[in-house]
Amino acid sequence: MQRFFSRTLSVARIASKTLWSDERGSVLAYMVVIPALAGALAIGVETGELYRIKRQMQTASDDAALAGAIDSMASASLSTITTDARYEAQRNGFTHGANGVTVTVNSPPTSGPNVGTTGAVEVIVSKTQNLTFGSIINSWMGRTSSGYTLASRSVAGQNSTTTSTTTTTTKTTSVGCLVALTPNNEQGISFTSFSSFNADCMMMSNGTATGTGSNASIGMSGFSSATFSNTANGKGGVWARGTFSAQSYSSLTIPAGQTFVNQTTAIVDPYASIPTPTPGTCTKTDYKPSGGSQITIAPGTYCNGLQISSFSNVYFQPGTYYITNGDLVITSDSTVSCPTCTGTDGTTFVLTQSSGNNNDIGGVKITSQSTVTLNAPSVTAATSAYPYPGVLFYQDRRAPAGTMTSSSRIFTLSSLSTATLTGAIYVPSNAINIASISSTGSNSSTGCTVWIGRYLKFSSYSSNYVNGCKNVNTVPAGFVTTTTQNSQATTNKGKILE
């Protein structure tokens with residue numbers, strides 16, 4: 001292009017000489033117009049070129065200042081900031097020390113409104129630019145030109161952006177050992193007439209009653225002391241969808257923050273999805289052995305109920321016992337146990353029906369024994385031999401719903417000298433009545449007894465533990481806690497300030 005305009009101007013100069021020697025009247029006019037046109041053309045082209053270079057320089061200084069600001073946020077040295085800033089300028093076509101280019105880096109800036117601003121970086125890109133077409137005109141007119149110095153300046157610094165995030169997490173706390181499932185506006189748990197009670201777990205009622213005494217969701221009365229303690233597994237306490245009422249007592253100890261009343265969520269029932277029983281064909285029908293020194297009972301299906309009474313020793317073998325269309329009654333025996341229940345072996349007693357009529361589903365009555373020691377199978381997954389891991393007693397959930405005062409289809413445990421029941425006693429549709437026994441767990445370290453019924457009515461009962469449940473795969477009931485956490489995060493980025 002420079003050659004083109006040089007030739008143009010040469011032609012214009014020759015033409016001017018020709019016209020100057022022309023004696024006609026129009027020559028003077030041409031002599032005035034041609035230099036003006038050539039000058040305007042040169043100025044226009046030159047101005048466009050300078051504008052383009054200036055824009056490139058500004059881009060280079062912006063990118064260089066941003067690179068330097070990022071280094072500054074990382075606490076880099078001025079040497080590193082300068083090196084990286086000049087590299088960005090070079091990437092944009094302006095190399096420091098080459099072709100008349102100078103890239104000056106100051107941190108903090110030495111001029112402008114951000115003088116002394118910590119973390120800000122000032123970059124000045126300057127370049128000596130010759131006026132290509134202007135030089136040609138000046139040469140044509142016998143003048144000299146040293147060009148112009150172009151410069152661009154940018155200042156970049158830290159730009160902090162803070163964002164807020166709300167995170168909601170839910171957690172199921174599985175520490176419920178005495179659990180009432182009733183969904184109605186009524187009392188779920190009645191706990192009365194005991195001297196002292198100790199538990200490492202939680203008493204929980206799904207009932208929505210909001211009164212006091214017998215009109216509370218959980219009512220405790222007539223006792224000397226009750227203590228719900230902290231454990232490695234969780235915390236003891238009380239939880240109710242209604243109210244908790246304690247009356248006529250000397251001492252009640254509940255860990256701080258572990259009294260939950262008028263709750264809006266529901267109890268998490270760990271056995272809500274266990275399968276409906278399939279009892280199979282009858283092994284025994286109307287089996288009611290009575291009296292003797294010793295009897296050994298094998299797993300199977302006992303139609304029309306199973307009643308064992310007045311034996312010195314009642315031995316159950318490991319496995320699942322289906323009691324259909326009748327009750328399980330164990331009464332007036334000296335010792336009831338499963339001597340061969342070792343390792344993961346255990347017993348599960350299932351109350352169900354094979355008649356097609358849910359009214360035929362029976363209950364459980366264990367009374368007047370000297371010693372009862374039974375444990376649920378501690379297998380981790382259901383098998384054909386053990387379809388209900390961790391469950392010691394299970395009443396088919398299809399049983400008609402009873403009341404707190406019902407006498408049929410309930411689970412009754414009373415008048416026992418020593419009882420060690422390890423596992424879950426699951427009676428989702430009817431009441432569990434416990435009376436006049438000391439405890440059902442061996443001790444606070446290994447004990448695991450989880451009572452889950454539609455209603456619980458306990459009296460003269462001294463202790464209950466779930467700390468040992470983790471070793472036998474019995475799952476206590478629980479409740480859901482929701483935690484909302486607000487957090488803020490600050491993001492630092494470079495920003496052009498000037």
# chains A, B, ... in the order shown; residues from 1 in each chain; ligands from 1
>>> residues_around(residues="region 179-182 of chain A", least_positions_apart="4", cutoff="7 Å", atoms="only C-alpha atoms", output="list in words")
Gly188, Ile189, Met203, Met204, Ser205, Asn206, Gly207, Pro428, Trp451, Ile452, Gly453, Arg454, Tyr455 and Leu456 of chain A
>>> residues_around(residues="region 495-498 of chain A", least_positions_apart="3", cutoff="7 Å", atoms="only C-alpha atoms", output="ChimeraX atom specification")
/A:66,154-159
>>> write_last_selection(atoms="N, CA and C atoms", output="PDB file, in the first residue's frame")
ATOM      1  N   LEU A  66      -4.547  -7.391  33.929  1.00  0.00           N
ATOM      2  CA  LEU A  66      -5.299  -8.475  34.553  1.00  0.00           C
ATOM      3  C   LEU A  66      -4.380  -9.610  34.991  1.00  0.00           C
ATOM      4  N   SER A 154      -3.630   0.780  31.598  1.00  0.00           N
ATOM      5  CA  SER A 154      -4.695   0.023  32.259  1.00  0.00           C
ATOM      6  C   SER A 154      -4.301  -0.226  33.704  1.00  0.00           C
ATOM      7  N   VAL A 155      -5.305  -0.238  34.555  1.00  0.00           N
ATOM      8  CA  VAL A 155      -5.111  -0.597  35.954  1.00  0.00           C
ATOM      9  C   VAL A 155      -6.122  -1.686  36.296  1.00  0.00           C
ATOM     10  N   ALA A 156      -5.638  -2.795  36.839  1.00  0.00           N
ATOM     11  CA  ALA A 156      -6.508  -3.909  37.234  1.00  0.00           C
ATOM     12  C   ALA A 156      -6.266  -4.219  38.697  1.00  0.00           C
ATOM     13  N   GLY A 157      -7.299  -4.724  39.352  1.00  0.00           N
ATOM     14  CA  GLY A 157      -7.182  -5.094  40.756  1.00  0.00           C
ATOM     15  C   GLY A 157      -8.106  -6.243  41.087  1.00  0.00           C
ATOM     16  N   GLN A 158      -8.224  -6.517  42.361  1.00  0.00           N
ATOM     17  CA  GLN A 158      -9.025  -7.646  42.819  1.00  0.00           C
ATOM     18  C   GLN A 158     -10.506  -7.296  42.842  1.00  0.00           C
ATOM     19  N   ASN A 159     -11.319  -8.210  42.329  1.00  0.00           N
ATOM     20  CA  ASN A 159     -12.768  -8.067  42.382  1.00  0.00           C
ATOM     21  C   ASN A 159     -13.319  -9.248  43.158  1.00  0.00           C
TER      22      ASN A 159
END
>>> closest_residue(among="A:Ser214, A:Thr276, A:Thr324, A:Thr331", to="Ile361 (chain A)", atoms="only C-alpha atoms")
A:Thr324
>>> residues_around(residues="region 379-394 of chain A", least_positions_apart="6", cutoff="7 Å", atoms="only C-alpha atoms", output="ChimeraX atom specification")
/A:319-320,344,347-351,423-427,472-474
>>> closest_residue(among="A:Gly292, A:Pro339, A:Gly280, A:Gly362", to="Arg397 (chain A)", atoms="only C-alpha atoms")
A:Gly362
>>> atom_distance(atom1="CA of Val103 (chain A)", atom2="CA of Val125 (chain A)")
4.6 Å
>>> residues_around(residues="Asn313 (chain A)", least_positions_apart="6", cutoff="10 Å", atoms="only C-alpha atoms", output="list in words")
Gly292, Ser293, Gln294, Ile295, Thr296, Asp333, Ser334, Thr335, Val336, Ser337 and Thr371 of chain A
>>> select_by_dssp(residues="region 390-459 of chain A", states="strand (DSSP E or B)", output="PyMOL selection string")
chain A and resi 391-395+411-435+439+449-459
>>> residues_around(residues="Tyr87 (chain A)", least_positions_apart="3", cutoff="10 Å", atoms="only C-alpha atoms", output="list in words")
Ala60, Asp63, Ala64, Ala67, Ile81, Thr82, Thr83, Asp84, Gln90, Arg91, Asn92, Gly93, Phe94, Thr95, His96 and Val103 of chain A
>>> write_last_selection(atoms="C-alpha atoms", output="JSON list (two decimals), in the first residue's frame")
[["chain", "number", "residue", "atom", "x", "y", "z"],
["A", 60, "ALA", "CA", -2.55, -5.53, 25.38],
["A", 63, "ASP", "CA", -4.70, -8.23, 29.44],
["A", 64, "ALA", "CA", -1.32, -7.47, 30.95],
["A", 67, "ALA", "CA", -2.46, -11.02, 34.50],
["A", 81, "ILE", "CA", 4.03, -9.72, 38.18],
["A", 82, "THR", "CA", 6.15, -7.79, 35.68],
["A", 83, "THR", "CA", 7.24, -10.92, 33.80],
["A", 84, "ASP", "CA", 3.69, -12.24, 33.44],
["A", 90, "GLN", "CA", 3.76, -9.83, 23.99],
["A", 91, "ARG", "CA", 0.94, -12.24, 23.19],
["A", 92, "ASN", "CA", -1.02, -9.26, 21.96],
["A", 93, "GLY", "CA", 1.81, -8.13, 19.68],
["A", 94, "PHE", "CA", 3.74, -5.69, 21.91],
["A", 95, "THR", "CA", 7.09, -7.05, 23.08],
["A", 96, "HIS", "CA", 8.92, -4.97, 25.62],
["A", 103, "VAL", "CA", 5.86, -2.08, 28.73]]
